[in-house]
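Quick look at final-v4.txt (compact mmCIF, C-alpha atoms and all ligand atoms):
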```txt
# COMPACT_ATOMS: atom_id res chain seq x y z
CA MET R 9 0.00 0.00 0.00
CA ALA R 10 1.36 3.38 -0.93
CA TRP R 11 1.79 5.93 1.79
CA GLN R 12 0.45 9.39 1.41
CA ARG R 13 0.69 11.04 4.82
CA PHE R 14 3.86 9.90 6.49
CA GLY R 15 6.48 11.11 8.90
CA ILE R 16 10.12 11.56 8.02
CA LEU R 17 12.76 11.19 10.67
CA GLY R 18 16.16 12.16 9.37
CA GLY R 19 19.43 12.51 11.17
CA THR R 20 22.82 10.99 11.59
CA LEU R 21 21.28 7.99 13.37
CA ASP R 22 24.70 6.93 14.58
CA PRO R 23 23.17 4.69 15.86
CA VAL R 24 19.37 4.77 15.79
CA HIS R 25 17.89 4.31 19.30
CA PHE R 26 14.60 4.14 21.19
CA GLY R 27 14.52 7.93 21.57
CA HIS R 28 14.15 8.24 17.79
CA LEU R 29 11.78 5.32 17.46
CA ARG R 30 9.41 6.10 20.30
CA ALA R 31 9.15 9.79 19.35
CA SER R 32 8.33 8.78 15.76
CA GLU R 33 5.75 6.30 16.95
CA GLU R 34 3.99 8.93 19.01
CA VAL R 35 3.92 11.30 16.03
CA ARG R 36 2.55 8.52 13.85
CA GLU R 37 -0.21 7.82 16.30
CA ALA R 38 -1.09 11.41 17.18
CA LEU R 39 -1.34 12.47 13.54
CA ARG R 40 -2.72 9.16 12.27
CA LEU R 41 0.02 8.86 9.69
CA ASP R 42 0.37 5.99 7.26
CA GLY R 43 3.92 5.34 8.42
CA ILE R 44 7.35 6.64 9.29
CA LEU R 45 10.28 6.83 6.92
CA LEU R 46 13.70 6.84 8.55
CA ILE R 47 16.30 8.62 6.45
CA PRO R 48 19.88 8.34 7.63
CA ALA R 49 21.93 11.31 6.44
CA ALA R 50 24.88 10.43 4.23
CA SER R 51 26.95 13.40 5.21
CA PRO R 52 25.31 15.47 7.93
CA PRO R 53 26.12 19.14 7.25
CA HIS R 54 26.19 20.17 10.93
CA LYS R 55 28.31 17.34 12.30
CA GLN R 56 31.58 17.62 10.50
CA GLN R 57 33.79 17.68 13.59
CA ARG R 58 33.75 13.99 14.41
CA ALA R 59 34.23 10.90 12.30
CA ILE R 60 30.82 9.57 11.42
CA THR R 61 30.21 5.88 11.01
CA PRO R 62 29.98 4.92 7.33
CA PHE R 63 26.54 5.33 5.82
CA ARG R 64 26.09 1.65 5.07
CA HIS R 65 26.37 0.76 8.75
CA ARG R 66 23.99 3.49 9.89
CA TYR R 67 21.55 2.50 7.17
CA GLU R 68 21.79 -1.17 8.09
CA MET R 69 21.21 -0.45 11.79
CA ALA R 70 18.12 1.62 10.97
CA ARG R 71 16.90 -1.19 8.75
CA LEU R 72 17.41 -3.80 11.46
CA ALA R 73 15.69 -1.57 14.02
CA VAL R 74 12.40 -1.55 12.12
CA GLU R 75 12.61 -4.71 10.08
CA ALA R 76 9.27 -6.52 10.16
CA ILE R 77 7.65 -3.61 11.98
CA GLU R 78 4.60 -2.45 10.14
CA GLY R 79 4.45 1.21 9.25
CA TYR R 80 8.21 1.72 9.24
CA ARG R 81 10.61 1.95 6.35
CA VAL R 82 14.15 3.14 5.81
CA SER R 83 15.31 5.13 2.83
CA ALA R 84 18.83 5.23 1.43
CA MET R 85 18.06 8.27 -0.70
CA GLU R 86 20.49 10.58 1.09
CA GLY R 87 23.24 8.03 0.63
CA GLN R 88 22.69 8.17 -3.09
CA ARG R 89 22.99 11.93 -3.37
CA PRO R 90 26.47 13.46 -3.46
CA GLY R 91 27.50 16.21 -1.07
CA PRO R 92 26.00 17.20 2.28
CA SER R 93 22.51 15.97 3.11
CA TYR R 94 20.21 18.96 3.25
CA SER R 95 16.72 18.21 4.46
CA ILE R 96 15.05 20.71 2.16
CA GLU R 97 16.48 18.84 -0.81
CA THR R 98 15.27 15.54 0.59
CA ILE R 99 11.76 16.94 0.93
CA ARG R 100 11.87 18.27 -2.63
CA GLU R 101 13.12 14.97 -3.94
CA ILE R 102 10.33 13.09 -2.20
CA LYS R 103 7.69 15.42 -3.52
CA ALA R 104 9.07 15.23 -7.03
CA ALA R 105 8.98 11.43 -6.93
CA TRP R 106 5.52 11.19 -5.29
CA PRO R 107 3.52 14.29 -6.20
CA ASP R 108 0.70 13.54 -3.75
CA ALA R 109 3.00 12.81 -0.81
CA ALA R 110 2.31 14.78 2.36
CA PRO R 111 5.51 14.38 4.39
CA TYR R 112 5.54 15.45 8.04
CA PHE R 113 9.09 16.37 8.81
CA ILE R 114 10.04 15.40 12.38
CA ILE R 115 12.84 16.93 14.42
CA GLY R 116 13.69 16.97 18.09
CA ALA R 117 13.49 20.14 20.18
CA ASP R 118 17.31 20.34 20.35
CA ALA R 119 17.52 20.39 16.57
CA PHE R 120 14.79 23.03 16.40
CA VAL R 121 16.75 25.35 18.67
CA ASP R 122 19.57 25.25 16.09
CA PHE R 123 17.24 25.17 13.12
CA GLY R 124 18.41 28.58 11.88
CA ILE R 125 21.61 27.08 10.50
CA TRP R 126 19.76 24.59 8.31
CA LYS R 127 19.68 25.35 4.61
CA GLU R 128 16.50 27.28 3.71
CA TYR R 129 15.10 26.39 7.10
CA ASP R 130 12.07 28.60 6.67
CA ARG R 131 11.07 26.67 3.53
CA ILE R 132 10.92 23.34 5.36
CA PRO R 133 7.57 23.96 7.13
CA VAL R 134 6.18 25.28 3.84
CA GLU R 135 7.30 22.51 1.51
CA ALA R 136 6.72 19.67 3.94
CA GLN R 137 3.15 19.17 5.07
CA GLU R 138 4.21 20.24 8.55
CA LEU R 139 7.32 20.52 10.63
CA VAL R 140 6.74 18.44 13.75
CA VAL R 141 8.95 19.35 16.69
CA VAL R 142 9.04 16.63 19.34
CA SER R 143 10.03 17.31 22.93
CA ARG R 144 13.41 16.13 24.10
CA PRO R 145 14.85 16.00 27.62
CA GLY R 146 17.09 18.94 28.33
CA ILE R 147 15.16 21.36 26.13
CA GLY R 148 12.21 23.09 27.73
CA ARG R 149 9.04 24.22 26.05
CA GLU R 150 10.07 27.87 26.60
CA GLN R 151 13.23 27.28 24.58
CA VAL R 152 11.17 25.90 21.73
CA LEU R 153 8.80 28.87 21.86
CA GLY R 154 11.79 31.20 22.08
CA ALA R 155 13.30 29.65 18.98
CA MET R 156 9.95 29.94 17.23
CA GLY R 157 9.86 33.68 17.85
CA ARG R 158 13.46 34.13 16.73
CA LEU R 159 13.31 31.95 13.62
CA PHE R 160 9.79 32.87 12.58
CA PRO R 161 9.10 36.38 13.88
CA ASP R 162 5.75 36.53 12.08
CA SER R 163 4.52 33.20 13.38
CA ARG R 164 1.21 32.93 15.17
CA GLN R 165 -0.54 30.29 17.18
CA LEU R 166 -3.37 28.43 15.47
CA ASP R 167 -4.87 26.69 18.47
CA GLY R 168 -5.60 27.43 22.09
CA SER R 169 -3.17 24.93 23.57
CA GLY R 170 -0.09 26.38 21.90
CA THR R 171 0.90 23.35 19.89
CA LEU R 172 0.15 24.42 16.32
CA PHE R 173 1.69 27.43 14.62
CA GLU R 174 1.61 29.15 11.27
CA THR R 175 5.06 30.44 10.32
CA GLY R 176 3.92 33.69 8.76
CA GLN R 177 5.12 32.35 5.41
CA GLY R 178 2.47 29.73 4.84
CA GLY R 179 4.13 26.89 6.75
CA ARG R 180 2.90 24.90 9.70
CA ILE R 181 4.84 23.86 12.78
CA ARG R 182 3.49 21.53 15.42
CA TYR R 183 5.00 20.99 18.86
CA LEU R 184 4.32 17.56 20.25
CA ASN R 185 5.10 16.39 23.73
CA VAL R 186 6.38 12.82 23.60
CA THR R 187 7.51 10.35 26.25
CA ALA R 188 10.77 11.72 27.58
CA LEU R 189 13.57 9.28 26.83
CA ASP R 190 16.92 10.74 27.70
CA ILE R 191 18.82 8.67 25.18
CA SER R 192 21.29 10.00 22.66
CA SER R 193 23.53 8.39 20.09
CA THR R 194 26.43 10.26 21.66
CA SER R 195 25.92 8.61 25.04
CA ILE R 196 25.52 5.20 23.39
CA ARG R 197 28.86 5.68 21.64
CA GLN R 198 30.47 6.87 24.86
CA ARG R 199 29.12 3.91 26.76
CA ARG R 200 30.48 1.52 24.16
CA ARG R 201 33.93 3.06 24.38
CA ALA R 202 33.84 2.96 28.15
CA GLY R 203 32.81 -0.69 28.15
CA LEU R 204 29.37 0.03 29.63
CA SER R 205 26.17 -1.76 28.73
CA VAL R 206 23.89 -0.23 26.10
CA ARG R 207 21.11 -2.80 26.44
CA PHE R 208 17.53 -1.50 26.40
CA LEU R 209 18.60 1.85 24.99
CA LEU R 210 18.21 0.59 21.44
CA PRO R 211 16.90 -2.54 19.73
CA GLU R 212 18.77 -5.74 20.46
CA LYS R 213 19.32 -6.43 16.77
CA VAL R 214 21.08 -3.11 16.40
CA ILE R 215 23.31 -3.92 19.36
CA GLU R 216 24.14 -7.30 17.84
CA TYR R 217 25.04 -5.58 14.59
CA MET R 218 27.30 -3.03 16.26
CA VAL R 219 29.03 -5.68 18.28
CA ARG R 220 29.49 -7.92 15.25
CA ASN R 221 30.94 -5.03 13.25
CA GLU R 222 32.96 -3.65 16.16
CA LEU R 223 31.37 -0.25 15.84
CA TYR R 224 32.11 2.58 18.27
CA LEU R 225 35.34 1.02 19.42
CA LYS R 226 38.72 2.22 18.37
CA THR R 227 39.65 1.60 14.77
CA LYS R 228 42.93 0.19 13.54
CA ALA R 229 43.57 3.42 11.68
CA GLU R 230 43.23 5.38 14.91
CA HIS R 231 45.67 3.06 16.62
CA ALA R 232 48.15 3.43 13.78
CA GLY R 233 47.70 7.21 13.67
CA GLN R 234 48.56 7.64 17.32
CA LYS R 235 51.54 5.30 17.21
CA ALA R 236 53.04 7.48 14.50
CA GLY R 237 52.88 10.50 16.82
CA GLY R 238 55.51 11.81 19.23
CA VAL R 239 54.72 10.29 22.62
CA THR R 240 54.50 6.53 22.51
CA ASP R 241 54.83 5.50 26.12
CA SER R 242 51.31 5.37 27.45
CA GLU R 243 52.20 6.14 31.05
CA GLU R 244 54.16 9.17 30.01
CA MET R 245 51.15 10.25 28.02
CA ALA R 246 48.84 9.67 30.98
CA ARG R 247 51.07 11.88 33.15
CA ALA R 248 51.02 14.67 30.60
CA ILE R 249 47.26 14.50 30.29
CA HIS R 250 46.88 14.37 34.05
CA SER R 251 48.82 17.59 34.43
CA ALA R 252 46.83 19.22 31.64
CA ILE R 253 43.65 18.44 33.56
CA ARG R 254 45.17 19.95 36.71
CA ASP R 255 46.16 23.08 34.81
CA ASN R 256 42.60 23.38 33.69
CA LYS R 257 41.22 23.05 37.21
CA GLY R 258 39.77 19.62 36.72
CA GLU R 259 38.75 18.14 40.05
CA LYS R 260 39.14 14.74 41.77
CA ILE R 261 41.39 13.39 39.07
CA VAL R 262 41.67 9.62 39.12
CA VAL R 263 44.00 7.65 36.86
CA LEU R 264 43.06 3.99 36.52
CA ASP R 265 45.54 1.44 35.27
CA MET R 266 43.50 -0.57 32.79
CA ARG R 267 46.34 -2.76 31.59
CA GLY R 268 45.24 -6.26 32.34
CA VAL R 269 41.67 -5.17 33.06
CA SER R 270 40.34 -4.08 29.70
CA PRO R 271 41.60 -4.05 26.14
CA VAL R 272 39.98 -0.66 25.59
CA ALA R 273 42.93 1.41 26.79
CA ASP R 274 46.00 1.36 29.05
CA PHE R 275 44.71 4.17 31.25
CA PHE R 276 41.39 5.76 32.03
CA ILE R 277 41.52 9.22 33.48
CA ILE R 278 38.39 10.49 35.19
CA ALA R 279 37.84 14.02 36.42
CA HIS R 280 35.08 16.54 36.73
CA GLY R 281 34.41 20.21 36.25
CA ARG R 282 32.04 22.46 38.12
CA SER R 283 29.87 23.50 35.22
CA THR R 284 29.22 22.22 31.72
CA LYS R 285 31.02 25.32 30.47
CA HIS R 286 34.05 24.48 32.56
CA VAL R 287 34.06 20.92 31.18
CA GLN R 288 33.71 22.14 27.60
CA GLY R 289 36.45 24.73 28.04
CA MET R 290 38.74 22.20 29.67
CA ALA R 291 38.29 19.72 26.82
CA SER R 292 38.91 22.21 24.07
CA ARG R 293 41.97 23.70 25.75
CA MET R 294 43.38 20.26 26.49
CA LYS R 295 42.89 19.18 22.92
CA ARG R 296 44.71 22.24 21.68
CA GLU R 297 47.50 22.30 24.22
CA LEU R 298 48.25 18.58 24.25
CA GLY R 299 48.06 18.51 20.46
CA ARG R 300 50.97 20.96 20.38
CA SER R 301 53.10 18.52 22.34
CA GLY R 302 52.29 15.68 19.98
CA ILE R 303 49.54 14.08 22.06
CA LYS R 304 46.72 13.87 19.63
CA CYS R 305 43.10 13.61 20.66
CA LEU R 306 41.66 11.11 18.17
CA SER R 307 38.08 11.74 19.00
CA LEU R 308 36.04 13.98 21.18
CA GLU R 309 32.49 13.04 22.09
CA GLY R 310 29.85 14.93 23.98
CA GLU R 311 31.30 18.43 23.70
CA SER R 312 28.02 20.00 22.70
CA GLU R 313 26.36 19.17 26.01
CA GLY R 314 29.38 19.20 28.29
CA LYS R 315 27.93 16.66 30.73
CA TRP R 316 30.25 13.81 29.81
CA ILE R 317 33.04 14.51 27.37
CA LEU R 318 35.06 11.54 26.25
CA MET R 319 38.49 12.32 24.85
CA ASP R 320 40.24 9.46 23.20
CA PHE R 321 44.03 9.61 23.11
CA ASP R 322 44.19 5.96 22.06
CA ASP R 323 46.07 4.28 24.92
CA VAL R 324 44.67 6.85 27.30
CA VAL R 325 40.96 7.62 27.44
CA VAL R 326 39.77 10.65 29.38
CA HIS R 327 36.30 11.01 30.84
CA LEU R 328 35.47 14.55 31.85
CA PHE R 329 32.20 14.89 33.68
CA TYR R 330 30.05 17.72 34.84
CA GLU R 331 30.18 17.12 38.59
CA PRO R 332 26.57 15.96 39.23
CA VAL R 333 26.72 13.50 36.34
CA ARG R 334 29.91 11.78 37.46
CA GLY R 335 28.30 9.75 40.20
CA PHE R 336 25.53 8.58 37.92
CA TYR R 337 27.91 6.77 35.61
CA ASP R 338 30.28 5.80 38.41
CA LEU R 339 33.08 4.59 36.18
CA GLU R 340 35.39 4.18 39.16
CA GLY R 341 32.86 1.79 40.69
CA LEU R 342 32.50 -0.08 37.45
CA TRP R 343 36.26 -0.50 37.08
CA TYR R 344 36.94 -1.12 40.75
CA GLU R 345 39.47 -3.85 39.89
CA ALA R 346 41.68 -1.35 38.11
CA PRO R 347 44.49 -0.06 40.34
CA ARG R 348 44.87 3.68 40.72
CA MET R 349 48.15 5.22 39.70
CA PRO R 350 49.84 6.45 42.90
CA TRP R 351 51.42 9.50 41.25
CA ALA R 352 47.97 10.80 40.47
CA TYR R 353 46.64 10.88 44.03
CA ASP R 354 44.94 14.16 44.37
CA ASP R 355 46.12 15.37 47.79
CA LYS R 356 44.03 18.51 47.69
CA ALA R 357 41.04 16.51 46.49
CA GLY R 358 40.24 19.50 44.37
CA HIS R 359 38.59 21.56 47.09
CA GLU R 360 39.96 25.04 47.12
CA GLN R 361 40.57 25.44 43.44
CA GLY R 362 40.17 28.76 41.69
CA ALA R 363 36.87 30.26 40.66
CA SER R 364 38.37 31.26 37.32
CA ALA R 365 37.61 27.72 36.18
CA GLU R 366 34.29 28.85 34.74
CA GLN R 367 35.87 31.26 32.35
CA GLU R 368 36.70 30.04 28.89
P1 LIG B 1 23.91 12.59 18.52
O1 LIG B 1 24.07 12.46 19.99
O2 LIG B 1 24.94 11.90 17.70
O3 LIG B 1 23.61 13.99 18.05
P2 LIG B 1 21.10 11.99 18.61
O4 LIG B 1 20.69 11.03 19.66
O5 LIG B 1 20.85 13.46 18.86
O6 LIG B 1 22.59 11.72 18.20
P3 LIG B 1 20.41 12.35 15.86
O7 LIG B 1 20.67 11.35 14.81
O8 LIG B 1 21.26 13.55 15.97
O9 LIG B 1 20.40 11.55 17.28
O10 LIG B 1 18.89 12.78 15.86
C1 LIG B 1 18.03 12.73 14.76
C2 LIG B 1 16.76 13.46 15.15
O11 LIG B 1 16.09 12.80 16.23
C3 LIG B 1 17.02 14.90 15.66
O12 LIG B 1 16.01 15.74 15.15
C4 LIG B 1 16.94 14.75 17.14
O13 LIG B 1 16.56 15.96 17.75
C5 LIG B 1 15.88 13.67 17.32
N1 LIG B 1 16.09 12.91 18.55
C6 LIG B 1 17.17 12.17 18.87
N2 LIG B 1 17.05 11.58 20.07
C7 LIG B 1 15.86 11.96 20.55
C8 LIG B 1 15.15 11.68 21.79
N3 LIG B 1 15.70 10.93 22.73
N4 LIG B 1 13.92 12.23 21.94
C9 LIG B 1 13.40 13.02 20.97
N5 LIG B 1 14.00 13.30 19.80
C10 LIG B 1 15.22 12.80 19.58
MG MG B 2 21.72 14.94 17.67
```
Rewrite the structure from the file as structure tokens, please.
Ligand code: ATP
Ligand code: MG
Amino acid sequence: MAWQRFGILGGTLDPVHFGHLRASEEVREALRLDGILLIPAASPPHKQQRAITPFRHRYEMARLAVEAIEGYRVSAMEGQRPGPSYSIETIREIKAAWPDAAPYFIIGADAFVDFGIWKEYDRIPVEAQELVVVSRPGIGREQVLGAMGRLFPDSRQLDGSGTLFETGQGGRIRYLNVTALDISSTSIRQRRRAGLSVRFLLPEKVIEYMVRNELYLKTKAEHAGQKAGGVTDSEEMARAIHSAIRDNKGEKIVVLDMRGVSPVADFFIIAHGRSTKHVQGMASRMKRELGRSGIKCLSLEGESEGKWILMDFDDVVVHLFYEPVRGFYDLEGLWYEAPRMPWAYDDKAGHEQGASAEQE
């Protein structure tokens, strides 16, 4: 049966998870849509700073997530188009191929807050049937309404409950509250790298696929890249990183000796900052400063939120937390068998450190 009114959920989907799927399902039900089309982006225009998993893997994981589930399909159309994946072009392509299609373009509230950087963003609610903004933990309704006013200054409310808007340019935007699932692909990737479980955050078949294909672990190329660099002794590297964290006012620094405990890395360094801004500033300065001394950060995850930033220096993996989040993940508890490096004992325990830490 051909679909006419359907939802589109695009994104990096690296990997797809229950946050994406449940939000889509609630849109499908609320708007009585014929189905949901998942469209993994080939080359996401706004995510160029980290290495994205190859399209074929992200496509395959999306396919496995909804395989045999009625009302769900996956499209490879963005993988077939060269260059960055712009949503407006995807919508145009769909409408050109199926002239009576009424696509409801779904994005999360976090994406809507940054919607102004999307190509021809104001055309999306016009050319799609509607732009459907779904709630997402961490982004309040006020922020969504604030973004609405900024991005669409002529917009007006169409209903009493404040969920349906006209953009002032003939487009429609709907805000839909969905079950709050605080799941992100970033935290799934971080968990994988830290050796933590990701079960029940995403479909089991997707987990099996990522395990089978060794996704979100370190690649051989990354290993080789680091070995070619200046500092090769991992303990020496851990010491240098440790002092960089101290210089940046990181608190309660713990260096775990993972040799013999986990193949993931030789050392885990865990520390926290007092605010997300402090954590973000610390990570970016460390990346820059250590890079100058030949200690290359191979990947940086979580810098946009600043709650848990994972910096991968190959043999040394650094976990920088925003203080209240550190206890939740309790990596030290998880890796209790790993001995702590004595030279890293934090005698001051990070108490009376400077207030300038907040300034980037
Ligand atoms: P990353 O952490 O890599 O950015 P992500 O979890 O945000 O991954 P994306 O692929 O960036 O996933 O998201 C695709 C779309 O789905 C975006 O519009 C995003 O806002 C939305 N989305 C993702 N996770 C959720 C969630 N848990 N609840 C609601 N919407 C979500
Ligand atoms: Mg995202």
Can you list, as a PDB file with C-alpha atoms, keeping the file's coordinate frame, every protein, DNA or RNA residue that comes within 9 Å of R:Val140 when you count all atoms listed in the file, leaving out same-chain residues fewer than 6 positions away?
```
ATOM      1  CA  GLY R  15       6.480  11.110   8.900  1.00  0.00           C
ATOM      2  CA  VAL R  35       3.920  11.300  16.030  1.00  0.00           C
ATOM      3  CA  TYR R 112       5.540  15.450   8.040  1.00  0.00           C
ATOM      4  CA  PHE R 113       9.090  16.370   8.810  1.00  0.00           C
ATOM      5  CA  ILE R 114      10.040  15.400  12.380  1.00  0.00           C
ATOM      6  CA  ILE R 115      12.840  16.930  14.420  1.00  0.00           C
ATOM      7  CA  GLY R 116      13.690  16.970  18.090  1.00  0.00           C
ATOM      8  CA  PRO R 133       7.570  23.960   7.130  1.00  0.00           C
ATOM      9  CA  ARG R 180       2.900  24.900   9.700  1.00  0.00           C
ATOM     10  CA  ILE R 181       4.840  23.860  12.780  1.00  0.00           C
ATOM     11  CA  ARG R 182       3.490  21.530  15.420  1.00  0.00           C
ATOM     12  CA  TYR R 183       5.000  20.990  18.860  1.00  0.00           C
ATOM     13  CA  LEU R 184       4.320  17.560  20.250  1.00  0.00           C
TER      14      LEU R 184
END
```
Nearby residues, ligand MG 2 (chain B), 9 Å, only C-alpha atoms and all ligand atoms, as a PyMOL selection string: chain R and resi 19-21+55+116+118-119+192-194
Given only C-alpha atoms as the counted atoms, nearest of R:Glu309, R:Glu222, R:Glu244, R:Asp323 to R:Ser270: R:Asp323
9 Å shell around ligand LIG 1 (chain B) using only C-alpha atoms and all ligand atoms, listed as a PyMOL selection string: chain R and resi 17-32+48-49+55+60+114-120+141-145+186-197+309-310+312
Close residues, stretch 281-292 of chain R itself excluded, 8 Å, all atoms listed in the file, min 4 positions apart in chain, as number ranges by chain: R: 253, 256-259, 296, 311-315, 317, 319, 328-331, 365-368
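Contact shell of R:Gly43 at 6 Å (only C-alpha atoms; same-chain neighbours under 5 positions omitted): Phe14, Gly79 and Tyr80 of chain R.
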Polymer residues at most 10 Å from R:Arg201, all atoms listed in the file, same-chain spacing of 3 or more positions, as number ranges by chain: R: 195-198, 204, 223-226, 272-273, 318, 320, 325
Extending 3 Å beyond the listed atoms of stretch 323-335 of chain R on each side, what axis-aligned box results? I want centre and edge lengths in Å to one decimal, as lines of an AutoDock Vina configuration file.
```
center_x = 36.3
center_y = 11.0
center_z = 32.6
size_x = 25.5
size_y = 19.4
size_z = 21.3
```
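In terms of minimum interatomic distance to R:Leu339, R:His327 ranks closest within R:Lys213, R:Lys260, R:Arg58, R:His327, counting all atoms listed in the file.
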Counting only C-alpha atoms, the option among R:Ile77, R:Met294, R:Ala136, R:Ala155 closest to R:Ala248: R:Met294
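Residues in contact with stretch 174-177 of chain R at 12 Å, where only C-alpha atoms are counted and same-chain residues fewer than 4 positions away are skipped, are listed as Tyr129, Asp130, Arg131, Ile132, Pro133, Val134, Glu135, Gln137, Glu138, Leu139, Ala155, Met156, Gly157, Arg158, Leu159, Phe160, Pro161, Asp162, Ser163, Arg164, Gln165, Leu166, Asp167, Gly170, Ile181, Arg182 and Tyr183 of chain R.
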Nearest candidate to R:Thr61 (options R:Asn221, R:Ser83, R:Ser251, R:Ser301; using all atoms listed in the file): R:Asn221
Pairwise distance for atom CA of R:Glu128 and atom CA of R:Ile96, rounded to one decimal in Å: 6.9 Å
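Nearest to R:Asp108 of all the residues R:Gly268, R:Arg66, R:Ala10, R:Glu216 is R:Ala10, counting only C-alpha atoms.
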